[in-house]
Amino acid sequence: MASNLKKTGKRDIPVAVNIGKNKTTPNEQAEEDYRACIRELYTYGDFFVVNISSPNTPDLRNLQHGNDLHRLLEAVTEEMKIQQEKSHQPAKPILVKIAPDLTNEELELTVRTIQDSGVSGIIATNTTLSREGLVHPNREQAGGLSGIPLTSRSTEVISRVYRLTEGKLPIIGAGGIFTAQDAYDKIRAGASLIEVYTALIYEGPGLLGNLNEGLQALLKRDGYTHISQAIGADQK
C-alpha cells in the first residue's frame with residue numbers, strides 16, 4: 001500500500017488510510033499492528049481511520065470496549081505524534097470507525113472513551129451482523145452486511161453519537177447511502193461528511209455527482225445556503 005501511494009505523487013483529493021489488526025494477532029497485541037500501519041503509511045495518508053469494528057476479523061469488535069479501547073487509542077495517538085515529529089509534517093486527523101450493533105449502553109461508553117482520547121472524529125458506522133428483516137436464502141452467510149439493510153440503523157447511531165458528543169466531535173456518516181435523501185438524512189442526523197461504498201458497486205463513480213446535485217436541491221428546498229447549516233438539524 002505504501003508503495004502504491006508513493007507512486008501517486010501529489011494529490012488534490014485527500015486519502016484516508018483505514019488501519020486494523022491482522023486476523024491472527026491476539027487483541028492483547030493489537031496495538032502493535034496499528035502502530036506498524038502508521039509507521040509505514042504516515043507519510044502517504046491525509047487522515048487515519050482506526051477500524052475497531054470490522055465483523056470479518058475475529059474478536060476485533062471487542063476492542064471497542066473499556067480498557068482495550070483506551071489502551072489502543074493511547075498507542076495510536078502516541079505513534080501518530082512520533083511519526084509527525086519524524087516527518088516534520090503537520091498533525092494528521094485520526095477518526096475511529098464504530099459498529100452499528102453496539103447497545104445504547106455500549107455506545108455511550110465507547111463514545112466517552114473516544115472523546116477522552118482526543119481523536120478528531122467518529123465514523124458511524126461499519127457493516128452490521130444483524131439479519132433482521134431479511135428473507136433471502138443467503139441471509140445466514142457470515143460476515144458484515146452493508147447496503148440498504150444498514151441505512152436506518154447507521155442513521156440512528158449517528159443521531160445518538162451527535163447527542164452524546166453535543167455535536168462537538170465531527171461524524172462521518174456511512175451505511176446504506178444510495179440517494180441524496182439518504183445522505184441528507186445522515187447529515188441532518190449529525191454527520192459532517194458522508195462515506196459511500198456499496199452504492200458505488202451498483203452505480204459507479206457517477207453516483208457522487210448525483211448525490212451532490214441532489215443534496216444542493218434538498219438544501220435549497222429547506223432554505224439552507226450551506227451544507228454546514230443542515231448538520232444535526234433534526235436534533236435541534
# chains A, B, ... in the order shown; residues from 1 in each chain; ligands from 1
$ select_by_dssp --residues "region 19-158 of chain A" --states "helix (DSSP H, G or I)" --output "PyMOL selection string"
chain A and resi 27-41+60-64+66-87+104-117+137-140+148-158
$ write_last_selection --atoms "C-alpha atoms" --output "short mmCIF file (atom, residue, chain, number, x, y, z; two decimals), in the first residue's frame"
data_model
loop_
_atom_site.label_atom_id
_atom_site.label_comp_id
_atom_site.auth_asym_id
_atom_site.auth_seq_id
_atom_site.Cartn_x
_atom_site.Cartn_y
_atom_site.Cartn_z
CA ASN A 27 -6.20 -8.43 20.93
CA GLU A 28 -3.57 -8.07 23.66
CA GLN A 29 -1.02 -7.30 20.92
CA ALA A 30 -3.36 -5.43 18.55
CA GLU A 31 -1.79 -2.03 19.16
CA GLU A 32 1.47 -3.22 17.58
CA ASP A 33 -0.32 -3.86 14.27
CA TYR A 34 -1.88 -0.40 14.34
CA ARG A 35 1.49 1.16 15.13
CA ALA A 36 3.12 -0.75 12.26
CA CYS A 37 0.50 0.56 9.82
CA ILE A 38 1.02 4.14 10.99
CA ARG A 39 4.82 3.86 10.74
CA GLU A 40 4.66 2.64 7.13
CA LEU A 41 1.84 4.86 5.90
CA LEU A 60 -11.82 -7.15 16.57
CA ARG A 61 -15.05 -5.65 17.84
CA ASN A 62 -14.05 -6.45 21.40
CA LEU A 63 -11.55 -3.59 21.05
CA GLN A 64 -14.48 -1.16 21.12
CA GLY A 66 -13.30 -0.37 28.08
CA ASN A 67 -9.61 -0.61 28.77
CA ASP A 68 -8.84 -2.28 25.43
CA LEU A 69 -10.10 0.76 23.52
CA HIS A 70 -8.40 3.20 25.88
CA ARG A 71 -5.07 1.40 25.52
CA LEU A 72 -5.37 1.13 21.75
CA LEU A 73 -6.20 4.81 21.19
CA GLU A 74 -3.42 5.83 23.54
CA ALA A 75 -0.95 3.79 21.44
CA VAL A 76 -2.32 5.15 18.16
CA THR A 77 -2.18 8.81 19.22
CA GLU A 78 1.34 8.30 20.60
CA GLU A 79 2.55 6.68 17.35
CA MET A 80 0.91 9.41 15.24
CA LYS A 81 2.78 12.03 17.25
CA ILE A 82 6.08 10.15 16.88
CA GLN A 83 5.65 9.91 13.10
CA GLN A 84 4.58 13.54 12.83
CA GLU A 85 7.78 14.67 14.55
CA LYS A 86 9.92 12.35 12.41
CA SER A 87 8.38 13.51 9.14
CA ASN A 104 -27.04 2.05 23.77
CA GLU A 105 -25.00 1.45 26.92
CA GLU A 106 -22.00 0.15 24.96
CA LEU A 107 -22.22 3.07 22.54
CA GLU A 108 -22.23 5.58 25.36
CA LEU A 109 -19.12 4.06 26.94
CA THR A 110 -17.34 3.75 23.58
CA VAL A 111 -18.07 7.36 22.61
CA ARG A 112 -16.90 8.61 26.00
CA THR A 113 -13.58 6.74 25.62
CA ILE A 114 -13.15 8.09 22.09
CA GLN A 115 -13.81 11.64 23.28
CA ASP A 116 -11.36 11.30 26.17
CA SER A 117 -8.64 10.08 23.78
CA PRO A 137 -31.70 -17.64 1.34
CA ASN A 138 -28.19 -16.15 1.70
CA ARG A 139 -29.08 -14.22 4.85
CA GLU A 140 -27.29 -16.78 7.04
CA ILE A 148 -29.96 -0.84 2.37
CA PRO A 149 -30.42 -3.08 5.46
CA LEU A 150 -27.91 -0.81 7.21
CA THR A 151 -29.44 2.55 6.22
CA SER A 152 -31.76 3.29 9.13
CA ARG A 153 -29.60 1.75 11.86
CA SER A 154 -26.50 3.73 10.88
CA THR A 155 -28.58 6.94 10.86
CA GLU A 156 -29.85 6.10 14.36
CA VAL A 157 -26.28 5.63 15.59
CA ILE A 158 -25.24 8.96 14.04
#
$ residues_around --residues "Asp59 (chain A)" --least-positions-apart "6" --cutoff "10 Å" --atoms "only C-alpha atoms" --output "list of chain:residue names"
A:Lys23, A:Thr25, A:Pro26, A:Asn27, A:Ile52, A:Ser53
$ select_by_dssp --residues "region 47-225 of chain A" --states "strand (DSSP E)" --output "MDAnalysis selection string"
chainID A and resid 47:51 94:98 121:124 171:174 193:195
$ write_last_selection --atoms "N, CA, C and O atoms" --output "short mmCIF file (atom, residue, chain, number, x, y, z; two decimals), in the first residue's frame"
data_model
loop_
_atom_site.label_atom_id
_atom_site.label_comp_id
_atom_site.auth_asym_id
_atom_site.auth_seq_id
_atom_site.Cartn_x
_atom_site.Cartn_y
_atom_site.Cartn_z
N PHE A 47 -5.52 11.45 6.40
CA PHE A 47 -6.04 11.19 7.74
C PHE A 47 -6.17 9.68 7.92
O PHE A 47 -6.16 8.92 6.94
N PHE A 48 -6.23 9.26 9.18
CA PHE A 48 -6.19 7.83 9.51
C PHE A 48 -7.46 7.40 10.24
O PHE A 48 -7.96 8.13 11.09
N VAL A 49 -7.93 6.24 9.87
CA VAL A 49 -9.15 5.68 10.48
C VAL A 49 -8.79 4.43 11.27
O VAL A 49 -8.27 3.46 10.72
N VAL A 50 -9.05 4.47 12.57
CA VAL A 50 -8.80 3.32 13.43
C VAL A 50 -10.03 2.43 13.36
O VAL A 50 -11.09 2.75 13.90
N ASN A 51 -9.89 1.32 12.66
CA ASN A 51 -11.01 0.40 12.47
C ASN A 51 -11.03 -0.60 13.61
O ASN A 51 -10.15 -1.46 13.72
N ILE A 94 -7.16 11.76 13.22
CA ILE A 94 -7.45 10.35 13.49
C ILE A 94 -8.95 10.23 13.75
O ILE A 94 -9.50 10.99 14.57
N LEU A 95 -9.60 9.30 13.07
CA LEU A 95 -11.01 9.01 13.34
C LEU A 95 -11.15 7.55 13.75
O LEU A 95 -10.31 6.73 13.40
N VAL A 96 -12.21 7.25 14.47
CA VAL A 96 -12.46 5.88 14.92
C VAL A 96 -13.77 5.40 14.29
O VAL A 96 -14.80 6.07 14.37
N LYS A 97 -13.70 4.23 13.66
CA LYS A 97 -14.87 3.67 12.99
C LYS A 97 -15.55 2.65 13.90
O LYS A 97 -14.93 1.66 14.30
N ILE A 98 -16.83 2.91 14.20
CA ILE A 98 -17.54 2.06 15.17
C ILE A 98 -18.61 1.21 14.48
O ILE A 98 -19.02 1.48 13.35
N GLY A 121 -12.47 12.52 15.35
CA GLY A 121 -13.85 12.27 14.95
C GLY A 121 -14.20 10.80 14.97
O GLY A 121 -13.39 9.94 15.30
N ILE A 122 -15.45 10.52 14.58
CA ILE A 122 -16.00 9.17 14.58
C ILE A 122 -16.62 8.87 13.22
O ILE A 122 -17.25 9.76 12.62
N ILE A 123 -16.44 7.64 12.73
CA ILE A 123 -17.16 7.19 11.54
C ILE A 123 -18.25 6.23 12.00
O ILE A 123 -17.98 5.23 12.66
N ALA A 124 -19.49 6.56 11.66
CA ALA A 124 -20.63 5.75 12.07
C ALA A 124 -21.47 5.43 10.81
O ALA A 124 -22.06 6.34 10.25
N ILE A 171 -18.58 13.80 12.75
CA ILE A 171 -19.01 12.44 12.43
C ILE A 171 -19.02 12.27 10.92
O ILE A 171 -19.52 13.14 10.20
N ILE A 172 -18.44 11.16 10.45
CA ILE A 172 -18.61 10.77 9.05
C ILE A 172 -19.71 9.71 9.02
O ILE A 172 -19.60 8.67 9.66
N GLY A 173 -20.77 9.99 8.28
CA GLY A 173 -21.90 9.08 8.20
C GLY A 173 -21.69 8.05 7.10
O GLY A 173 -21.37 8.41 5.97
N ALA A 174 -21.88 6.77 7.44
CA ALA A 174 -21.69 5.70 6.46
C ALA A 174 -22.71 4.60 6.71
O ALA A 174 -23.06 4.32 7.85
N LEU A 193 -19.68 14.72 7.24
CA LEU A 193 -19.23 14.17 5.96
C LEU A 193 -19.95 12.86 5.72
O LEU A 193 -20.52 12.27 6.64
N ILE A 194 -19.89 12.38 4.48
CA ILE A 194 -20.58 11.16 4.10
C ILE A 194 -19.58 10.21 3.44
O ILE A 194 -18.73 10.63 2.66
N GLU A 195 -19.71 8.92 3.76
CA GLU A 195 -18.87 7.89 3.13
C GLU A 195 -19.79 6.90 2.42
O GLU A 195 -20.77 6.42 2.99
#
